[in-house]
Amino acid sequence: MPDDLSPAEEKSIDLDLRDKAVIVKKNGETREVIRNLSGGAVIGDSVYLADDEGRRLLHLRLVASRRYEIADTVKMTALFDIADETDKKKEFDLEALAVDRIDEDTTRLWLIGSHAMGHAKPESGDLELKRVGLKRERNRLLFGCVDIDKNGPVKGSGRHLRIKPARETHTTEFLTALRTAPPAAIGLLREVSALAKISADAGVGWFTPYTMASTKENGLDVEGLAIRRHAGDHATAVALVGLRGPVIDGFAVLIEIRIRDHSKRGLKTVGKPRFHLLNLEGFGIRDLEWRDKDLLILAGPTMTRQRESALFRWNGAWKNIAKGGKNVVEVNDIETIGSLRMPEDKSGPEVFTIVTPQEPEYMLLRDGIGKDRLRDQTGKASDLGPVYHTEIYRIADR
């Protein structure tokens with residue numbers, strides 16, 4: 001692998017969350033939410049951040065050269081039509097943001113949750129049994145967008161793929177499309193039919209088993225998102241969904257799916273998804289970013305015990321996607337740009353987003369943010385922040 005990529009220290013950007021960096025609990029204890037930012041996007045003079053395992057979208061504005069300051073926090077339930085009161089109290093597990101510039105007048109911000117199956121806490125309280133029970137929280141299934149204007153998210157413009165109950169669980173059109181994608185999972189059907197009455201025409205596809213396993217068992221775990229539209233079809237968004245897991249036979253998985261507006265508050269998938277298998281040297285996908293017709297891919301480990309990360313480029317990705325083809329295809333045009341250093345605090349790269357479309361500068365955010373990147377208002381290192389000193393990388397075009 002090429003040498004480590006070095007950040008441009010003189011280009012670093014400061015993100016000042018002020019009083020939103022720390023939540024004070026009723027008992028007086030504090031929890032520093034600034035340590036886990038899972039999604040980021042720059043639109044004009046604003047930066048939008050996903051608060052990992054939170055219930056809000058953070059909106060920062062440019063206040064000085066290379067410095068943004070918190071302007072607002074928006075509850076996810078205020079952006080999207082989620083009526084269940086119990087859901088309003090649960091985390092959304094947002095994992096990626098993406099910018100969709102439909103035309104000169106309309107910009108959308110897309111958001112996606114992990115869609116991951118987690119381990120349920122047993123009623124008995126025996127934490128050892130937590131490794132056995134599985135659950136999928138409704139709020140982890142969010143896949144939607146909201147219009148953005150000069151003031152921020154436009155009230156009432158939030159749309160999402162409908163999350164609907166299916167017996168004792170929840171699903172969406174996106175999950176259904178993944179489960180039924182051809183080719184049919186004949187081998188799985190034979191096995192399962194011995195335990196449950198599932199017919200061969202049940203619409204079970206090859207990807208189904210991965211949607212039914214937890215992240216710790218190489219199951220479905222969304223981490224990256226990129227959006228683009230064909231020049232002649234502004235009504236359809238081409239969404240590329242990057243998966244941290246599963247990694248299949250050493251290949252990372254990138255899902256291509258088309259989405260249209262369906263109603264005032266809804267979206268609808270169009271056609272079958274396509275699965276692009278990428279050789280990222282065993283890594284899973286952590287974030288995605290378009291660069292002209294190429295796709296930049298932030299890659300990292302599927303399991304937390306691994307500490308390496310790297311940046312790749314899928315050369316000519318948009319051309320390959322535009323011409324269509326089989327629904328499962330191995331990608332050959334992958335270039336390794338370089339590895340990313342792992343600091344002493346072992347915080348892994350989580351977000352990779354372009355700062356300005358005209359310049360090849362990208363802002364890197366990490367999870368488990370350590371003291372060396374947290375500053376107080378005077379610029380000194382501080383465990384409490386509230387200023388996050390980001391890393392900026394310049395990635396040359398081909």
# chains A, B, ... in the order shown; residues from 1 in each chain; ligands from 1
$ residues_around --residues "Val270 in chain A" --least-positions-apart "6" --cutoff "12 Å" --atoms "only C-alpha atoms" --output "VMD selection string"
chain A and resid 161 173 to 174 177 235 to 239 256 to 262
$ write_last_selection --atoms "C-alpha atoms" --output "short mmCIF file (atom, residue, chain, number, x, y, z; two decimals), in the first residue's frame"
data_model
loop_
_atom_site.label_atom_id
_atom_site.label_comp_id
_atom_site.auth_asym_id
_atom_site.auth_seq_id
_atom_site.Cartn_x
_atom_site.Cartn_y
_atom_site.Cartn_z
CA LEU A 161 -38.58 5.67 2.65
CA GLU A 173 -38.60 -0.75 0.60
CA PHE A 174 -34.82 -0.57 0.72
CA ALA A 177 -35.17 -4.78 -2.21
CA ALA A 235 -36.42 13.10 -10.91
CA THR A 236 -34.39 10.05 -9.95
CA ALA A 237 -31.58 10.05 -7.40
CA VAL A 238 -28.91 7.38 -7.84
CA ALA A 239 -27.91 6.44 -4.32
CA GLU A 256 -26.60 1.10 -6.07
CA ILE A 257 -30.30 1.89 -5.83
CA ARG A 258 -32.54 4.45 -7.51
CA ILE A 259 -35.00 6.56 -5.53
CA ARG A 260 -37.84 8.91 -6.58
CA ASP A 261 -40.12 11.32 -4.75
CA HIS A 262 -43.33 9.45 -3.96
#
$ closest_atom_pairs --of "range 318-348 of chain A" --to "range 214-230 of chain A" --cutoff "12 Å" --atoms "only C-alpha atoms" --output "CSV"
residue,atom,partner,partner_atom,distance
A:Trp318,CA,A:Arg228,CA,8.9
A:Lys319,CA,A:His230,CA,10.7
A:Ile321,CA,A:His230,CA,10.2
A:Ala322,CA,A:His230,CA,7.9
A:Lys323,CA,A:His230,CA,11.3
$ select_by_dssp --residues "range 154-259 of chain A" --states "strand (DSSP E)" --output "ChimeraX atom specification"
/A:159-161,164-166,169-171,221-230,233-245,252-259
$ closest_atom_pairs --of "range 332-380 of chain A" --to "range 38-53 of chain A" --cutoff "10 Å" --atoms "only C-alpha atoms" --output "tab-separated table"
residue	atom	partner	partner_atom	distance
A:Pro349	CA	A:Ser38	CA	9.4
A:Glu350	CA	A:Ser38	CA	6.0
A:Val351	CA	A:Gly39	CA	5.6
A:Phe352	CA	A:Gly40	CA	7.5
A:Thr353	CA	A:Ala41	CA	6.0
A:Ile354	CA	A:Val42	CA	7.0
A:Val355	CA	A:Val42	CA	6.0
A:Thr356	CA	A:Val42	CA	7.5
A:Pro357	CA	A:Val42	CA	9.5
A:Met363	CA	A:Gly40	CA	8.8
A:Leu364	CA	A:Gly40	CA	9.1
A:Leu365	CA	A:Ser38	CA	7.9
A:Arg366	CA	A:Ser38	CA	7.8
A:Asp367	CA	A:Ser38	CA	6.9
$ write_last_selection --atoms "N, CA and C atoms" --output "CSV table (one decimal), in the first residue's frame"
chain,number,residue,atom,x,y,z
A,349,PRO,N,-10.9,6.9,11.3
A,349,PRO,CA,-11.5,7.7,10.3
A,349,PRO,C,-13.0,7.3,10.0
A,350,GLU,N,-13.9,8.3,10.1
A,350,GLU,CA,-15.3,7.9,10.0
A,350,GLU,C,-16.0,8.7,8.9
A,351,VAL,N,-15.6,10.0,8.7
A,351,VAL,CA,-16.2,10.9,7.7
A,351,VAL,C,-15.2,11.5,6.8
A,352,PHE,N,-15.5,11.5,5.5
A,352,PHE,CA,-14.6,12.1,4.5
A,352,PHE,C,-15.5,12.9,3.6
A,353,THR,N,-15.4,14.3,3.7
A,353,THR,CA,-16.3,15.1,2.9
A,353,THR,C,-15.6,16.3,2.3
A,354,ILE,N,-16.0,16.7,1.1
A,354,ILE,CA,-15.3,17.8,0.4
A,354,ILE,C,-15.7,19.1,1.1
A,355,VAL,N,-14.7,20.0,1.1
A,355,VAL,CA,-14.9,21.3,1.8
A,355,VAL,C,-15.5,22.3,0.8
A,356,THR,N,-14.9,22.4,-0.4
A,356,THR,CA,-15.5,23.3,-1.5
A,356,THR,C,-15.4,22.5,-2.8
A,357,PRO,N,-16.4,22.5,-3.6
A,357,PRO,CA,-16.4,21.7,-4.8
A,357,PRO,C,-15.3,22.1,-5.8
A,363,MET,N,-12.3,17.2,4.3
A,363,MET,CA,-12.3,17.2,5.8
A,363,MET,C,-12.5,15.8,6.3
A,364,LEU,N,-11.6,15.3,7.2
A,364,LEU,CA,-11.7,14.0,7.8
A,364,LEU,C,-12.1,14.1,9.2
A,365,LEU,N,-13.2,13.4,9.6
A,365,LEU,CA,-13.6,13.4,11.0
A,365,LEU,C,-13.4,11.9,11.5
A,366,ARG,N,-13.2,11.8,12.8
A,366,ARG,CA,-12.9,10.5,13.4
A,366,ARG,C,-13.9,10.3,14.5
A,367,ASP,N,-14.1,9.0,14.8
A,367,ASP,CA,-14.9,8.6,16.0
A,367,ASP,C,-14.0,8.5,17.2
$ closest_residue --among "A:Pro183, A:His119, A:Tyr210, A:Asp103" --to "Val328 in chain A" --atoms "only C-alpha atoms"
A:Pro183
$ closest_residue --among "A:Pro209, A:Gly325, A:Pro360, A:Pro153" --to "Lys11 in chain A" --atoms "only C-alpha atoms"
A:Pro360
$ residues_around --residues "range 62-73 of chain A" --least-positions-apart "2" --cutoff "9 Å" --atoms "only C-alpha atoms" --output "PyMOL selection string"
chain A and resi 11-20+45-47+56-60+75+152+387
$ select_by_dssp --residues "range 145-341 of chain A" --states "alpha helix (DSSP H)" --output "ChimeraX atom specification"
/A:173-180,186-193,208-211,317-322
$ write_last_selection --atoms "N, CA and C atoms" --output "CSV table (one decimal), in the first residue's frame"
chain,number,residue,atom,x,y,z
A,173,GLU,N,-38.8,-0.3,2.0
A,173,GLU,CA,-38.6,-0.7,0.6
A,173,GLU,C,-37.1,-1.1,0.3
A,174,PHE,N,-36.2,-0.3,0.9
A,174,PHE,CA,-34.8,-0.6,0.7
A,174,PHE,C,-34.4,-1.9,1.2
A,175,LEU,N,-34.8,-2.3,2.4
A,175,LEU,CA,-34.5,-3.6,3.0
A,175,LEU,C,-35.1,-4.7,2.2
A,176,THR,N,-36.4,-4.5,1.8
A,176,THR,CA,-37.1,-5.5,1.0
A,176,THR,C,-36.4,-5.7,-0.3
A,177,ALA,N,-35.9,-4.7,-0.9
A,177,ALA,CA,-35.2,-4.8,-2.2
A,177,ALA,C,-33.9,-5.6,-2.0
A,178,LEU,N,-33.2,-5.4,-0.9
A,178,LEU,CA,-32.0,-6.1,-0.7
A,178,LEU,C,-32.2,-7.6,-0.5
A,179,ARG,N,-33.3,-7.9,0.2
A,179,ARG,CA,-33.6,-9.3,0.5
A,179,ARG,C,-34.1,-10.1,-0.7
A,180,THR,N,-34.7,-9.4,-1.6
A,180,THR,CA,-35.3,-10.1,-2.8
A,180,THR,C,-34.4,-10.0,-4.0
A,186,ILE,N,-31.1,-20.2,-3.4
A,186,ILE,CA,-31.6,-21.5,-3.5
A,186,ILE,C,-31.1,-22.4,-2.3
A,187,GLY,N,-29.8,-22.3,-2.1
A,187,GLY,CA,-29.2,-23.1,-1.0
A,187,GLY,C,-29.8,-22.7,0.4
A,188,LEU,N,-29.9,-21.4,0.6
A,188,LEU,CA,-30.5,-21.0,1.9
A,188,LEU,C,-32.0,-21.5,2.0
A,189,LEU,N,-32.7,-21.4,0.9
A,189,LEU,CA,-34.1,-21.8,0.9
A,189,LEU,C,-34.2,-23.3,1.3
A,190,ARG,N,-33.3,-24.1,0.8
A,190,ARG,CA,-33.4,-25.5,1.1
A,190,ARG,C,-33.1,-25.7,2.6
A,191,GLU,N,-32.2,-25.0,3.2
A,191,GLU,CA,-31.9,-25.1,4.6
A,191,GLU,C,-33.0,-24.6,5.4
A,192,VAL,N,-33.6,-23.5,5.1
A,192,VAL,CA,-34.6,-22.8,5.9
A,192,VAL,C,-35.9,-23.6,5.8
A,193,SER,N,-36.2,-24.2,4.6
A,193,SER,CA,-37.4,-24.9,4.4
A,193,SER,C,-37.6,-26.1,5.3
A,208,THR,N,-29.9,-11.9,1.4
A,208,THR,CA,-30.8,-12.1,2.5
A,208,THR,C,-30.1,-12.4,3.8
A,209,PRO,N,-29.2,-13.5,3.8
A,209,PRO,CA,-28.6,-13.8,5.1
A,209,PRO,C,-27.9,-12.7,5.8
A,210,TYR,N,-27.3,-11.8,5.0
A,210,TYR,CA,-26.5,-10.7,5.6
A,210,TYR,C,-27.4,-9.7,6.2
A,211,THR,N,-28.6,-9.6,5.8
A,211,THR,CA,-29.6,-8.6,6.4
A,211,THR,C,-30.1,-9.2,7.7
A,317,ALA,N,-16.2,5.7,-12.0
A,317,ALA,CA,-17.3,5.0,-11.3
A,317,ALA,C,-18.6,5.4,-12.0
A,318,TRP,N,-18.8,6.7,-12.3
A,318,TRP,CA,-20.1,7.1,-12.8
A,318,TRP,C,-20.3,6.6,-14.2
A,319,LYS,N,-19.3,6.5,-15.0
A,319,LYS,CA,-19.4,5.9,-16.3
A,319,LYS,C,-19.9,4.4,-16.2
A,320,ASN,N,-19.3,3.7,-15.3
A,320,ASN,CA,-19.6,2.3,-15.1
A,320,ASN,C,-21.1,2.1,-14.6
A,321,ILE,N,-21.5,3.0,-13.7
A,321,ILE,CA,-22.9,2.9,-13.2
A,321,ILE,C,-23.9,3.3,-14.3
A,322,ALA,N,-23.6,4.3,-15.1
A,322,ALA,CA,-24.5,4.8,-16.1
A,322,ALA,C,-24.8,3.7,-17.2
$ closest_residue --among "A:Glu289, A:Asp147, A:Glu91, A:Glu137" --to "Lys164 in chain A" --atoms "only C-alpha atoms"
A:Glu137
$ residues_around --residues "range 247-254 of chain A" --least-positions-apart "2" --cutoff "8 Å" --atoms "only C-alpha atoms" --output "PDB file with N, CA and C atoms, in the first residue's frame"
ATOM      1  N   ASN A 218     -20.710 -10.023  10.800  1.00  0.00           N
ATOM      2  CA  ASN A 218     -20.538  -9.668   9.389  1.00  0.00           C
ATOM      3  C   ASN A 218     -21.878  -9.396   8.718  1.00  0.00           C
ATOM      4  N   LEU A 240     -25.696   5.597  -3.851  1.00  0.00           N
ATOM      5  CA  LEU A 240     -24.676   4.576  -3.620  1.00  0.00           C
ATOM      6  C   LEU A 240     -24.521   4.431  -2.108  1.00  0.00           C
ATOM      7  N   VAL A 241     -24.824   3.255  -1.617  1.00  0.00           N
ATOM      8  CA  VAL A 241     -24.804   2.980  -0.181  1.00  0.00           C
ATOM      9  C   VAL A 241     -23.604   2.090   0.119  1.00  0.00           C
ATOM     10  N   GLY A 242     -22.666   2.609   0.897  1.00  0.00           N
ATOM     11  CA  GLY A 242     -21.446   1.866   1.217  1.00  0.00           C
ATOM     12  C   GLY A 242     -21.594   1.098   2.510  1.00  0.00           C
ATOM     13  N   LEU A 243     -21.175  -0.156   2.517  1.00  0.00           N
ATOM     14  CA  LEU A 243     -21.340  -1.015   3.679  1.00  0.00           C
ATOM     15  C   LEU A 243     -20.010  -1.275   4.388  1.00  0.00           C
ATOM     16  N   ARG A 244     -20.028  -1.064   5.679  1.00  0.00           N
ATOM     17  CA  ARG A 244     -18.903  -1.512   6.508  1.00  0.00           C
ATOM     18  C   ARG A 244     -18.903  -3.043   6.551  1.00  0.00           C
ATOM     19  N   GLY A 245     -20.081  -3.593   6.595  1.00  0.00           N
ATOM     20  CA  GLY A 245     -20.258  -5.030   6.518  1.00  0.00           C
ATOM     21  C   GLY A 245     -21.564  -5.332   5.808  1.00  0.00           C
ATOM     22  N   GLU A 256     -26.056   0.045  -5.218  1.00  0.00           N
ATOM     23  CA  GLU A 256     -26.603   1.103  -6.069  1.00  0.00           C
ATOM     24  C   GLU A 256     -28.117   0.924  -6.139  1.00  0.00           C
ATOM     25  N   PHE A 275     -25.321  -4.584  -6.896  1.00  0.00           N
ATOM     26  CA  PHE A 275     -24.284  -4.759  -5.885  1.00  0.00           C
ATOM     27  C   PHE A 275     -22.919  -4.721  -6.569  1.00  0.00           C
ATOM     28  N   HIS A 276     -22.104  -3.747  -6.190  1.00  0.00           N
ATOM     29  CA  HIS A 276     -20.749  -3.630  -6.729  1.00  0.00           C
ATOM     30  C   HIS A 276     -19.780  -4.161  -5.677  1.00  0.00           C
ATOM     31  N   LEU A 277     -18.992  -5.154  -6.043  1.00  0.00           N
ATOM     32  CA  LEU A 277     -18.028  -5.766  -5.132  1.00  0.00           C
ATOM     33  C   LEU A 277     -16.658  -5.159  -5.386  1.00  0.00           C
ATOM     34  N   LEU A 278     -16.083  -4.537  -4.357  1.00  0.00           N
ATOM     35  CA  LEU A 278     -14.847  -3.771  -4.488  1.00  0.00           C
ATOM     36  C   LEU A 278     -13.720  -4.427  -3.695  1.00  0.00           C
ATOM     37  N   ASN A 279     -12.580  -4.562  -4.341  1.00  0.00           N
ATOM     38  CA  ASN A 279     -11.395  -5.083  -3.656  1.00  0.00           C
ATOM     39  C   ASN A 279     -10.706  -3.934  -2.925  1.00  0.00           C
ATOM     40  N   LEU A 280     -11.012  -3.807  -1.640  1.00  0.00           N
ATOM     41  CA  LEU A 280     -10.414  -2.771  -0.796  1.00  0.00           C
ATOM     42  C   LEU A 280      -9.450  -3.388   0.206  1.00  0.00           C
ATOM     43  N   GLU A 281      -8.807  -4.468  -0.204  1.00  0.00           N
ATOM     44  CA  GLU A 281      -7.794  -5.144   0.601  1.00  0.00           C
ATOM     45  C   GLU A 281      -8.357  -5.634   1.936  1.00  0.00           C
ATOM     46  N   GLY A 282      -9.605  -6.070   1.910  1.00  0.00           N
ATOM     47  CA  GLY A 282     -10.231  -6.632   3.099  1.00  0.00           C
ATOM     48  C   GLY A 282     -10.980  -5.634   3.960  1.00  0.00           C
ATOM     49  N   PHE A 283     -10.858  -4.335   3.653  1.00  0.00           N
ATOM     50  CA  PHE A 283     -11.567  -3.309   4.408  1.00  0.00           C
ATOM     51  C   PHE A 283     -13.034  -3.248   4.012  1.00  0.00           C
ATOM     52  N   GLY A 284     -13.845  -2.668   4.911  1.00  0.00           N
ATOM     53  CA  GLY A 284     -15.201  -2.286   4.584  1.00  0.00           C
ATOM     54  C   GLY A 284     -15.242  -0.803   4.271  1.00  0.00           C
ATOM     55  N   ILE A 285     -16.400  -0.314   3.831  1.00  0.00           N
ATOM     56  CA  ILE A 285     -16.545   1.088   3.432  1.00  0.00           C
ATOM     57  C   ILE A 285     -16.971   1.923   4.631  1.00  0.00           C
ATOM     58  N   THR A 302     -13.761  -3.853   9.469  1.00  0.00           N
ATOM     59  CA  THR A 302     -15.124  -4.255   9.790  1.00  0.00           C
ATOM     60  C   THR A 302     -15.269  -4.502  11.283  1.00  0.00           C
TER      61      THR A 302
END
$ atom_distance --atom1 "CA of Asp81 in chain A" --atom2 "CA of Pro273 in chain A"
25.5 Å
$ closest_residue --among "A:Ala299, A:Met342, A:Val74, A:Ile148" --to "Arg101 in chain A" --atoms "only C-alpha atoms"
A:Ile148
$ decode --residues "range 255-292 of chain A" --atoms "N, CA and C atoms" --output "PDB file, in the first residue's frame"
ATOM      1  N   ILE A 255     -23.858  -0.728  -2.649  1.00  0.00           N
ATOM      2  CA  ILE A 255     -25.194  -0.954  -3.197  1.00  0.00           C
ATOM      3  C   ILE A 255     -25.631   0.275  -3.991  1.00  0.00           C
ATOM      4  N   GLU A 256     -26.056   0.045  -5.218  1.00  0.00           N
ATOM      5  CA  GLU A 256     -26.603   1.103  -6.069  1.00  0.00           C
ATOM      6  C   GLU A 256     -28.117   0.924  -6.139  1.00  0.00           C
ATOM      7  N   ILE A 257     -28.843   1.972  -5.776  1.00  0.00           N
ATOM      8  CA  ILE A 257     -30.302   1.894  -5.829  1.00  0.00           C
ATOM      9  C   ILE A 257     -30.857   3.257  -6.246  1.00  0.00           C
ATOM     10  N   ARG A 258     -31.922   3.226  -7.031  1.00  0.00           N
ATOM     11  CA  ARG A 258     -32.542   4.451  -7.514  1.00  0.00           C
ATOM     12  C   ARG A 258     -33.775   4.796  -6.689  1.00  0.00           C
ATOM     13  N   ILE A 259     -33.933   6.102  -6.419  1.00  0.00           N
ATOM     14  CA  ILE A 259     -35.002   6.565  -5.531  1.00  0.00           C
ATOM     15  C   ILE A 259     -35.692   7.783  -6.147  1.00  0.00           C
ATOM     16  N   ARG A 260     -37.035   7.789  -6.086  1.00  0.00           N
ATOM     17  CA  ARG A 260     -37.838   8.909  -6.582  1.00  0.00           C
ATOM     18  C   ARG A 260     -38.707   9.479  -5.461  1.00  0.00           C
ATOM     19  N   ASP A 261     -39.112  10.747  -5.631  1.00  0.00           N
ATOM     20  CA  ASP A 261     -40.123  11.315  -4.747  1.00  0.00           C
ATOM     21  C   ASP A 261     -41.420  10.541  -4.966  1.00  0.00           C
ATOM     22  N   HIS A 262     -42.093  10.233  -3.874  1.00  0.00           N
ATOM     23  CA  HIS A 262     -43.330   9.454  -3.962  1.00  0.00           C
ATOM     24  C   HIS A 262     -44.543  10.254  -3.492  1.00  0.00           C
ATOM     25  N   SER A 263     -44.359  11.037  -2.470  1.00  0.00           N
ATOM     26  CA  SER A 263     -45.421  11.874  -1.932  1.00  0.00           C
ATOM     27  C   SER A 263     -44.774  13.037  -1.220  1.00  0.00           C
ATOM     28  N   LYS A 264     -45.580  13.858  -0.571  1.00  0.00           N
ATOM     29  CA  LYS A 264     -45.053  15.037   0.112  1.00  0.00           C
ATOM     30  C   LYS A 264     -44.030  14.662   1.166  1.00  0.00           C
ATOM     31  N   ARG A 265     -44.235  13.531   1.854  1.00  0.00           N
ATOM     32  CA  ARG A 265     -43.311  13.128   2.904  1.00  0.00           C
ATOM     33  C   ARG A 265     -42.606  11.810   2.601  1.00  0.00           C
ATOM     34  N   GLY A 266     -42.802  11.287   1.371  1.00  0.00           N
ATOM     35  CA  GLY A 266     -42.281   9.958   1.096  1.00  0.00           C
ATOM     36  C   GLY A 266     -41.366   9.846  -0.104  1.00  0.00           C
ATOM     37  N   LEU A 267     -40.586   8.763  -0.120  1.00  0.00           N
ATOM     38  CA  LEU A 267     -39.719   8.385  -1.232  1.00  0.00           C
ATOM     39  C   LEU A 267     -40.065   6.952  -1.629  1.00  0.00           C
ATOM     40  N   LYS A 268     -39.646   6.562  -2.833  1.00  0.00           N
ATOM     41  CA  LYS A 268     -39.941   5.211  -3.327  1.00  0.00           C
ATOM     42  C   LYS A 268     -38.741   4.695  -4.114  1.00  0.00           C
ATOM     43  N   THR A 269     -38.372   3.442  -3.876  1.00  0.00           N
ATOM     44  CA  THR A 269     -37.289   2.832  -4.649  1.00  0.00           C
ATOM     45  C   THR A 269     -37.792   2.476  -6.042  1.00  0.00           C
ATOM     46  N   VAL A 270     -36.866   2.471  -6.996  1.00  0.00           N
ATOM     47  CA  VAL A 270     -37.205   2.167  -8.387  1.00  0.00           C
ATOM     48  C   VAL A 270     -36.327   1.014  -8.863  1.00  0.00           C
ATOM     49  N   GLY A 271     -36.938  -0.071  -9.300  1.00  0.00           N
ATOM     50  CA  GLY A 271     -36.186  -1.192  -9.840  1.00  0.00           C
ATOM     51  C   GLY A 271     -35.434  -1.964  -8.770  1.00  0.00           C
ATOM     52  N   LYS A 272     -34.560  -2.854  -9.230  1.00  0.00           N
ATOM     53  CA  LYS A 272     -33.778  -3.715  -8.350  1.00  0.00           C
ATOM     54  C   LYS A 272     -32.427  -3.062  -8.020  1.00  0.00           C
ATOM     55  N   PRO A 273     -31.902  -3.315  -6.843  1.00  0.00           N
ATOM     56  CA  PRO A 273     -30.571  -2.782  -6.519  1.00  0.00           C
ATOM     57  C   PRO A 273     -29.485  -3.530  -7.277  1.00  0.00           C
ATOM     58  N   ARG A 274     -28.352  -2.862  -7.458  1.00  0.00           N
ATOM     59  CA  ARG A 274     -27.159  -3.506  -8.015  1.00  0.00           C
ATOM     60  C   ARG A 274     -26.099  -3.528  -6.924  1.00  0.00           C
ATOM     61  N   PHE A 275     -25.321  -4.584  -6.896  1.00  0.00           N
ATOM     62  CA  PHE A 275     -24.284  -4.759  -5.885  1.00  0.00           C
ATOM     63  C   PHE A 275     -22.919  -4.721  -6.569  1.00  0.00           C
ATOM     64  N   HIS A 276     -22.104  -3.747  -6.190  1.00  0.00           N
ATOM     65  CA  HIS A 276     -20.749  -3.630  -6.729  1.00  0.00           C
ATOM     66  C   HIS A 276     -19.780  -4.161  -5.677  1.00  0.00           C
ATOM     67  N   LEU A 277     -18.992  -5.154  -6.043  1.00  0.00           N
ATOM     68  CA  LEU A 277     -18.028  -5.766  -5.132  1.00  0.00           C
ATOM     69  C   LEU A 277     -16.658  -5.159  -5.386  1.00  0.00           C
ATOM     70  N   LEU A 278     -16.083  -4.537  -4.357  1.00  0.00           N
ATOM     71  CA  LEU A 278     -14.847  -3.771  -4.488  1.00  0.00           C
ATOM     72  C   LEU A 278     -13.720  -4.427  -3.695  1.00  0.00           C
ATOM     73  N   ASN A 279     -12.580  -4.562  -4.341  1.00  0.00           N
ATOM     74  CA  ASN A 279     -11.395  -5.083  -3.656  1.00  0.00           C
ATOM     75  C   ASN A 279     -10.706  -3.934  -2.925  1.00  0.00           C
ATOM     76  N   LEU A 280     -11.012  -3.807  -1.640  1.00  0.00           N
ATOM     77  CA  LEU A 280     -10.414  -2.771  -0.796  1.00  0.00           C
ATOM     78  C   LEU A 280      -9.450  -3.388   0.206  1.00  0.00           C
ATOM     79  N   GLU A 281      -8.807  -4.468  -0.204  1.00  0.00           N
ATOM     80  CA  GLU A 281      -7.794  -5.144   0.601  1.00  0.00           C
ATOM     81  C   GLU A 281      -8.357  -5.634   1.936  1.00  0.00           C
ATOM     82  N   GLY A 282      -9.605  -6.070   1.910  1.00  0.00           N
ATOM     83  CA  GLY A 282     -10.231  -6.632   3.099  1.00  0.00           C
ATOM     84  C   GLY A 282     -10.980  -5.634   3.960  1.00  0.00           C
ATOM     85  N   PHE A 283     -10.858  -4.335   3.653  1.00  0.00           N
ATOM     86  CA  PHE A 283     -11.567  -3.309   4.408  1.00  0.00           C
ATOM     87  C   PHE A 283     -13.034  -3.248   4.012  1.00  0.00           C
ATOM     88  N   GLY A 284     -13.845  -2.668   4.911  1.00  0.00           N
ATOM     89  CA  GLY A 284     -15.201  -2.286   4.584  1.00  0.00           C
ATOM     90  C   GLY A 284     -15.242  -0.803   4.271  1.00  0.00           C
ATOM     91  N   ILE A 285     -16.400  -0.314   3.831  1.00  0.00           N
ATOM     92  CA  ILE A 285     -16.545   1.088   3.432  1.00  0.00           C
ATOM     93  C   ILE A 285     -16.971   1.923   4.631  1.00  0.00           C
ATOM     94  N   ARG A 286     -16.319   3.068   4.820  1.00  0.00           N
ATOM     95  CA  ARG A 286     -16.662   3.978   5.920  1.00  0.00           C
ATOM     96  C   ARG A 286     -17.312   5.268   5.417  1.00  0.00           C
ATOM     97  N   ASP A 287     -16.967   5.731   4.223  1.00  0.00           N
ATOM     98  CA  ASP A 287     -17.621   6.914   3.663  1.00  0.00           C
ATOM     99  C   ASP A 287     -17.340   6.981   2.167  1.00  0.00           C
ATOM    100  N   LEU A 288     -18.166   7.758   1.467  1.00  0.00           N
ATOM    101  CA  LEU A 288     -18.070   7.894   0.014  1.00  0.00           C
ATOM    102  C   LEU A 288     -18.146   9.374  -0.357  1.00  0.00           C
ATOM    103  N   GLU A 289     -17.444   9.753  -1.416  1.00  0.00           N
ATOM    104  CA  GLU A 289     -17.499  11.137  -1.888  1.00  0.00           C
ATOM    105  C   GLU A 289     -17.210  11.175  -3.393  1.00  0.00           C
ATOM    106  N   TRP A 290     -18.102  11.797  -4.139  1.00  0.00           N
ATOM    107  CA  TRP A 290     -17.873  11.954  -5.573  1.00  0.00           C
ATOM    108  C   TRP A 290     -16.765  12.967  -5.834  1.00  0.00           C
ATOM    109  N   ARG A 291     -15.939  12.692  -6.834  1.00  0.00           N
ATOM    110  CA  ARG A 291     -14.966  13.642  -7.357  1.00  0.00           C
ATOM    111  C   ARG A 291     -15.043  13.554  -8.868  1.00  0.00           C
ATOM    112  N   ASP A 292     -15.870  14.435  -9.473  1.00  0.00           N
ATOM    113  CA  ASP A 292     -16.170  14.378 -10.899  1.00  0.00           C
ATOM    114  C   ASP A 292     -16.780  13.004 -11.199  1.00  0.00           C
TER     115      ASP A 292
END
